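So the structure is just underneath, and the comments pick up after that.
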Amino acid sequence: MRFCKAVLGAALAAFAALATAQSYPNKSVHVVISFTPGSATDFVARILSQKLSEMWGQPVVPENRAGAGGSIGSAVVAKASPDGYTLLINSNAHCVNPAIYARLPYETTKDFTDIAPLAIQPNVLTVRPDGPYKNLMDLVNAAKAKPGALNIGHAGIGSGTHLNTEKFLAGAGIKMTQIPFKGTPEVLAAMFSGDVQAYWAPISAAMGVIKGGKLRPLAVSTSKRNPQLPDVPTTAEAGVKGAEAPLWFGLWGPAGMPADVTAKINADVRKAIADPAVRERLVNGGNDTMDMSPQDFARFVRSEIDDYTKVLRAAGVKPQ
């Protein structure tokens with residue numbers, strides 16, 4: 001009798017979980033975006049949110065909660081109910097932050113459900129077109145001549161653009177004064193005003209100003225050129241090795257989400273990203289798409305945390 005009750009209980013639990021996954025979502029889904037409107041993370045998040053809303057027949061409501069290298073948005077989701085109705089879209093800053101901050105209001109490997117990667121793109125090293133830097137080595141040589149005299153901006157401590165900055169400075173063997181901002185729009189404003197001389201801008205956020213002639217691209221941070229900027233060399237081609245640092249974006253939820261709900265969101269996200277219209281919008285923004293199961297994404301996240309920690313320690317960056 002006890003055995004029968006146990007089997008019946010397990011069957012009912014499995015049926016309930018399946019029913020939950022099949023009915024998900026039956027109300028609005030809140031998506032927290034960890035960077036500012038107009039940022040590369042925002043660009044990807046809003047494309048995906050729109051498509052998921054169409055697929056699910058429910059509002060998918062994006063909200064920007066920027067600051068502290070993306071950790072403010074992450075903290076909001078870490079404390080949310082693990083029912084799948086509050087999700088996080090962040091950049092790889094989510095994996096950089098454990099190496100940057102001595103104390104975070106969450107544990108990155110314990111307080112989140114890894115759901116799916118979304119897209120990956122290069123950063124572009126940009127300067128003002130009216131400045132003296134015609135190519136990457138012009139900037140490198142100027143920084144070597146006057147260590148610390150030039151300012152280089154990034155989108156906040158722990159952001160993917162911060163990591164790219166550290167790898168570039170280490171690879172080139174130069175010193176520049178780093179100026180952190182809340183996000184890409186603020187850095188670009190500082191570039192236009194002349195307060196900052198260089199910025200590793202996410203390609204999706206900088207494409208318009210580059211093609212409009214407002215910024216000059218010197219190099220991309222990937223190991224191969226990007227189809228949207230085919231004439232812009234890689235950092236290695238331009239003369240600096242070891243500075244590759246692509247920017248990627250992922251989807252997380254609070255820890256403890258039902259496995260079936262996680263699997264459904266993962267499957268629907270992969271379907272959304274594979275949609276030709278969505279893929280075209282992402283690619284036109286300089287992205288390539290990513291495709292992993294929740295389990296593969298969890299392993300990827302942990303390997304990225306390990307890699308970023310090694311890079312930042314080698315650069316002498318100590319947790320704050």
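Simple scheme: letters A, B, ... for chains in structure tokens order, numbers from 1 for residues in each chain, numbers from 1 for ligands in the order shown.
Near range 54-66 of chain A, within a cut-off of 8 Å and counting only C-alpha atoms, sit the residues Pro25, Asn26, Lys27, Ser28, Val29, His30, Val31, Val32, Ile33, Ser34, Phe35, Thr36, Pro37, Asp42, Ala45, Arg46, Ser49, Gln50, Lys51, Leu52, Ala68, Gly69, Gly70, Ser71, Ile72, Gly73, Lys182 and Gly183 of chain A, with same-chain residues fewer than 2 positions away left out.
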Written selection (N, CA and C atoms) as a tab-separated table (two decimals), in the first residue's frame:
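The resulting file, part.tsv, is shown below:
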chain	number	residue	atom	x	y	z
A	25	PRO	N	3.46	30.58	-20.26
A	25	PRO	CA	3.03	31.50	-19.21
A	25	PRO	C	1.54	31.79	-19.34
A	26	ASN	N	0.88	32.00	-18.23
A	26	ASN	CA	-0.54	32.35	-18.25
A	26	ASN	C	-0.78	33.77	-17.74
A	27	LYS	N	0.31	34.53	-17.65
A	27	LYS	CA	0.22	35.94	-17.27
A	27	LYS	C	1.48	36.65	-17.77
A	28	SER	N	1.59	37.92	-17.49
A	28	SER	CA	2.73	38.72	-17.96
A	28	SER	C	4.04	38.18	-17.40
A	29	VAL	N	5.10	38.26	-18.22
A	29	VAL	CA	6.45	37.89	-17.81
A	29	VAL	C	7.28	39.17	-17.72
A	30	HIS	N	7.96	39.34	-16.61
A	30	HIS	CA	8.77	40.53	-16.37
A	30	HIS	C	10.23	40.21	-16.69
A	31	VAL	N	10.83	40.95	-17.61
A	31	VAL	CA	12.23	40.73	-17.98
A	31	VAL	C	13.07	41.92	-17.52
A	32	VAL	N	13.97	41.66	-16.60
A	32	VAL	CA	14.88	42.70	-16.10
A	32	VAL	C	16.10	42.75	-17.01
A	33	ILE	N	16.42	43.93	-17.52
A	33	ILE	CA	17.59	44.15	-18.38
A	33	ILE	C	18.63	44.88	-17.56
A	34	SER	N	19.82	44.31	-17.45
A	34	SER	CA	20.81	44.82	-16.50
A	34	SER	C	21.60	46.04	-16.97
A	35	PHE	N	21.32	46.54	-18.17
A	35	PHE	CA	22.02	47.73	-18.64
A	35	PHE	C	21.01	48.73	-19.20
A	36	THR	N	21.51	49.90	-19.55
A	36	THR	CA	20.66	51.04	-19.89
A	36	THR	C	19.96	50.87	-21.24
A	37	PRO	N	18.86	51.62	-21.45
A	37	PRO	CA	18.25	51.67	-22.79
A	37	PRO	C	19.27	52.12	-23.82
A	42	ASP	N	20.38	45.78	-24.05
A	42	ASP	CA	19.01	46.23	-24.28
A	42	ASP	C	18.55	45.89	-25.69
A	45	ALA	N	17.79	42.19	-25.79
A	45	ALA	CA	16.68	41.87	-24.90
A	45	ALA	C	15.34	42.27	-25.48
A	46	ARG	N	15.27	43.41	-26.11
A	46	ARG	CA	13.99	43.89	-26.62
A	46	ARG	C	13.55	43.12	-27.87
A	49	SER	N	12.28	39.84	-26.30
A	49	SER	CA	11.04	40.04	-25.55
A	49	SER	C	9.84	40.19	-26.47
A	50	GLN	N	10.02	40.93	-27.55
A	50	GLN	CA	8.94	41.11	-28.51
A	50	GLN	C	8.53	39.79	-29.15
A	51	LYS	N	9.51	38.97	-29.52
A	51	LYS	CA	9.21	37.71	-30.17
A	51	LYS	C	8.54	36.73	-29.19
A	52	LEU	N	9.04	36.66	-27.97
A	52	LEU	CA	8.45	35.76	-26.99
A	52	LEU	C	7.01	36.17	-26.67
A	68	ALA	N	26.19	49.31	-11.43
A	68	ALA	CA	27.13	48.38	-10.79
A	68	ALA	C	27.49	47.22	-11.72
A	69	GLY	N	27.78	47.55	-12.98
A	69	GLY	CA	28.21	46.52	-13.92
A	69	GLY	C	27.17	45.45	-14.18
A	70	GLY	N	25.90	45.80	-14.06
A	70	GLY	CA	24.84	44.83	-14.30
A	70	GLY	C	24.37	44.10	-13.06
A	71	SER	N	25.06	44.28	-11.93
A	71	SER	CA	24.72	43.50	-10.74
A	71	SER	C	23.44	43.96	-10.06
A	72	ILE	N	23.02	45.20	-10.28
A	72	ILE	CA	21.77	45.67	-9.69
A	72	ILE	C	20.59	44.90	-10.28
A	73	GLY	N	20.57	44.74	-11.60
A	73	GLY	CA	19.51	43.96	-12.23
A	73	GLY	C	19.55	42.50	-11.81
A	182	LYS	N	27.65	54.26	-16.50
A	182	LYS	CA	26.55	53.34	-16.23
A	182	LYS	C	26.22	52.46	-17.44
A	183	GLY	N	26.55	52.94	-18.63
A	183	GLY	CA	26.23	52.18	-19.83
A	183	GLY	C	26.79	52.85	-21.07
### Query
Residues at most 12 Å from Leu312 in chain A, counting only C-alpha atoms, excluding those fewer than 5 positions away in the same chain, as JSON, numbers by chain?
{"A": [95, 96, 97, 98, 99, 100, 101, 157, 158, 160, 162, 163, 164, 165, 166, 167, 168, 169, 170, 305, 306, 307, 317, 318, 319]}
Residues just named, written with C-alpha atoms as a compact mmCIF listing (two decimals), in the first residue's frame:
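Saved as selection.txt:
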# COMPACT_ATOMS: atom_id res chain seq x y z
CA CYS A 95 30.12 36.22 -15.07
CA VAL A 96 32.68 38.99 -14.63
CA ASN A 97 31.13 40.46 -11.48
CA PRO A 98 32.21 37.65 -9.10
CA ALA A 99 35.82 38.59 -9.89
CA ILE A 100 35.16 42.32 -9.57
CA TYR A 101 33.11 42.67 -6.41
CA ILE A 157 33.00 48.01 -13.46
CA GLY A 158 32.40 44.37 -14.34
CA GLY A 160 31.97 43.19 -20.84
CA HIS A 162 35.50 46.72 -18.90
CA LEU A 163 36.86 43.20 -19.40
CA ASN A 164 37.73 44.07 -23.00
CA THR A 165 39.53 47.21 -21.81
CA GLU A 166 41.64 45.22 -19.34
CA LYS A 167 42.59 42.65 -21.98
CA PHE A 168 43.48 45.37 -24.48
CA LEU A 169 45.66 47.33 -22.06
CA ALA A 170 47.44 44.14 -21.00
CA ILE A 305 33.56 32.86 -14.53
CA ASP A 306 36.82 30.95 -14.19
CA ASP A 307 38.33 32.54 -17.32
CA VAL A 317 42.26 44.00 -10.63
CA LYS A 318 41.29 43.27 -7.04
CA PRO A 319 37.71 42.70 -5.85
### Query
Taking into account only C-alpha atoms, which residue in the set A:Ile152, A:Val124, A:Ala314, A:Leu139 is nearest to Arg225 in chain A?
A:Val124
Within 7 Å of range 252-270 of chain A, which residues of range 283-318 of chain A come that close, and what is the closest atom pair and distance in Å for each? Count only C-alpha atoms and give it as CSV.
residue,atom,partner,partner_atom,distance
A:Asp291,CA,A:Arg270,CA,6.4
A:Ser293,CA,A:Asn266,CA,6.9
A:Pro294,CA,A:Asn266,CA,6.8
Using DSSP secondary structure from the backbone, list all alpha helix (DSSP H) positions within range 126-175 of chain A, as an mmCIF file with N, CA and C atoms, in the first residue's frame.
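What ended up in part_14.cif:
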data_model
loop_
_atom_site.group_PDB
_atom_site.id
_atom_site.type_symbol
_atom_site.label_atom_id
_atom_site.label_comp_id
_atom_site.auth_asym_id
_atom_site.auth_seq_id
_atom_site.Cartn_x
_atom_site.Cartn_y
_atom_site.Cartn_z
ATOM 1 N N LEU A 136 44.944 51.451 -34.981
ATOM 2 C CA LEU A 136 45.125 50.997 -33.602
ATOM 3 C C LEU A 136 46.500 51.347 -33.049
ATOM 4 N N MET A 137 47.525 51.183 -33.843
ATOM 5 C CA MET A 137 48.875 51.435 -33.339
ATOM 6 C C MET A 137 49.134 52.921 -33.091
ATOM 7 N N ASP A 138 48.423 53.797 -33.777
ATOM 8 C CA ASP A 138 48.525 55.227 -33.457
ATOM 9 C C ASP A 138 48.114 55.465 -32.012
ATOM 10 N N LEU A 139 47.009 54.835 -31.609
ATOM 11 C CA LEU A 139 46.524 54.988 -30.238
ATOM 12 C C LEU A 139 47.483 54.342 -29.244
ATOM 13 N N VAL A 140 47.941 53.144 -29.566
ATOM 14 C CA VAL A 140 48.859 52.425 -28.682
ATOM 15 C C VAL A 140 50.145 53.231 -28.484
ATOM 16 N N ASN A 141 50.692 53.749 -29.559
ATOM 17 C CA ASN A 141 51.948 54.510 -29.455
ATOM 18 C C ASN A 141 51.765 55.799 -28.666
ATOM 19 N N ALA A 142 50.610 56.450 -28.821
ATOM 20 C CA ALA A 142 50.341 57.662 -28.058
ATOM 21 C C ALA A 142 50.227 57.352 -26.565
ATOM 22 N N ALA A 143 49.596 56.218 -26.240
ATOM 23 C CA ALA A 143 49.466 55.809 -24.834
ATOM 24 C C ALA A 143 50.819 55.439 -24.238
ATOM 25 N N LYS A 144 51.673 54.843 -25.033
ATOM 26 C CA LYS A 144 53.016 54.504 -24.555
ATOM 27 C C LYS A 144 53.852 55.758 -24.305
ATOM 28 N N ALA A 145 53.660 56.768 -25.154
ATOM 29 C CA ALA A 145 54.437 58.002 -25.029
ATOM 30 C C ALA A 145 54.059 58.775 -23.772
ATOM 31 N N GLY A 160 31.166 43.829 -19.805
ATOM 32 C CA GLY A 160 31.973 43.193 -20.837
ATOM 33 C C GLY A 160 32.953 44.165 -21.466
ATOM 34 N N THR A 161 32.569 45.443 -21.556
ATOM 35 C CA THR A 161 33.487 46.432 -22.125
ATOM 36 C C THR A 161 34.638 46.731 -21.168
ATOM 37 N N HIS A 162 34.408 46.580 -19.869
ATOM 38 C CA HIS A 162 35.500 46.720 -18.895
ATOM 39 C C HIS A 162 36.497 45.578 -19.073
ATOM 40 N N LEU A 163 35.980 44.348 -19.199
ATOM 41 C CA LEU A 163 36.864 43.204 -19.405
ATOM 42 C C LEU A 163 37.689 43.389 -20.674
ATOM 43 N N ASN A 164 37.027 43.847 -21.739
ATOM 44 C CA ASN A 164 37.733 44.069 -23.004
ATOM 45 C C ASN A 164 38.834 45.119 -22.834
ATOM 46 N N THR A 165 38.541 46.164 -22.072
ATOM 47 C CA THR A 165 39.528 47.207 -21.809
ATOM 48 C C THR A 165 40.754 46.643 -21.100
ATOM 49 N N GLU A 166 40.521 45.819 -20.090
ATOM 50 C CA GLU A 166 41.636 45.222 -19.341
ATOM 51 C C GLU A 166 42.486 44.336 -20.247
ATOM 52 N N LYS A 167 41.840 43.540 -21.086
ATOM 53 C CA LYS A 167 42.595 42.650 -21.977
ATOM 54 C C LYS A 167 43.382 43.453 -23.013
ATOM 55 N N PHE A 168 42.798 44.532 -23.496
ATOM 56 C CA PHE A 168 43.483 45.374 -24.481
ATOM 57 C C PHE A 168 44.706 46.051 -23.874
ATOM 58 N N LEU A 169 44.535 46.639 -22.697
ATOM 59 C CA LEU A 169 45.657 47.326 -22.058
ATOM 60 C C LEU A 169 46.792 46.354 -21.744
ATOM 61 N N ALA A 170 46.419 45.154 -21.299
ATOM 62 C CA ALA A 170 47.441 44.140 -20.999
ATOM 63 C C ALA A 170 48.121 43.659 -22.269
ATOM 64 N N GLY A 171 47.330 43.392 -23.308
ATOM 65 C CA GLY A 171 47.889 42.894 -24.563
ATOM 66 C C GLY A 171 48.800 43.907 -25.241
ATOM 67 N N ALA A 172 48.427 45.192 -25.135
ATOM 68 C CA ALA A 172 49.222 46.244 -25.778
ATOM 69 C C ALA A 172 50.370 46.715 -24.897
#
### Query
Can you list, as a list in words, every protein, DNA or RNA residue that comes within 8 Å of Leu118 in chain A when you count only C-alpha atoms, leaving out same-chain residues fewer than 3 positions away?
Val44, Trp248, Phe249, Gly250, Leu251, Val269, Ile273, Thr289, Met290 and Asp291 of chain A
#### Entry: Spatial neighbours of Thr109 in chain A, max dist 9 Å, only C-alpha atoms, sep filter under 3 positions, as a count of residues only
6
#### Entry: Nearby residues (only C-alpha atoms) at most 8 Å from Phe181 in chain A, same-chain spacing under 4 positions excluded, as an MDAnalysis selection string
chainID A and resid 153:156 186:187
### Task
Name the closest residue to Ala21 in chain A among the candidates A:Ile47, A:Pro180, A:Gly84, A:Leu215; distances are taken between atoms, counting only C-alpha atoms.
A:Gly84
### Task
Do a neighbour search on Ile120 in chain A at 6 Å with only C-alpha atoms, toss out local chain neighbours closer than 4 positions, and write the hits as a VMD selection string.
chain A and resid 247 to 248 287 to 288
### Distance of CA of Lys79 in chain A from CA of Gln121 in chain A, expressed in Å to one decimal place
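About the pair CA of Gln121 in chain A and CA of Lys79 in chain A: they are 29.4 Å apart.
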### Query
Taking the backbone alone, and naming residues the way the document does, which bits of range 166-264 of chain A are strand (DSSP E) by DSSP, as a count of residues only?
22
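Closest approach to Lys214 in chain A from the set A:Pro117, A:Pro246, A:Gly131, A:Pro147 is made by A:Gly131, with distances taken over only C-alpha atoms.
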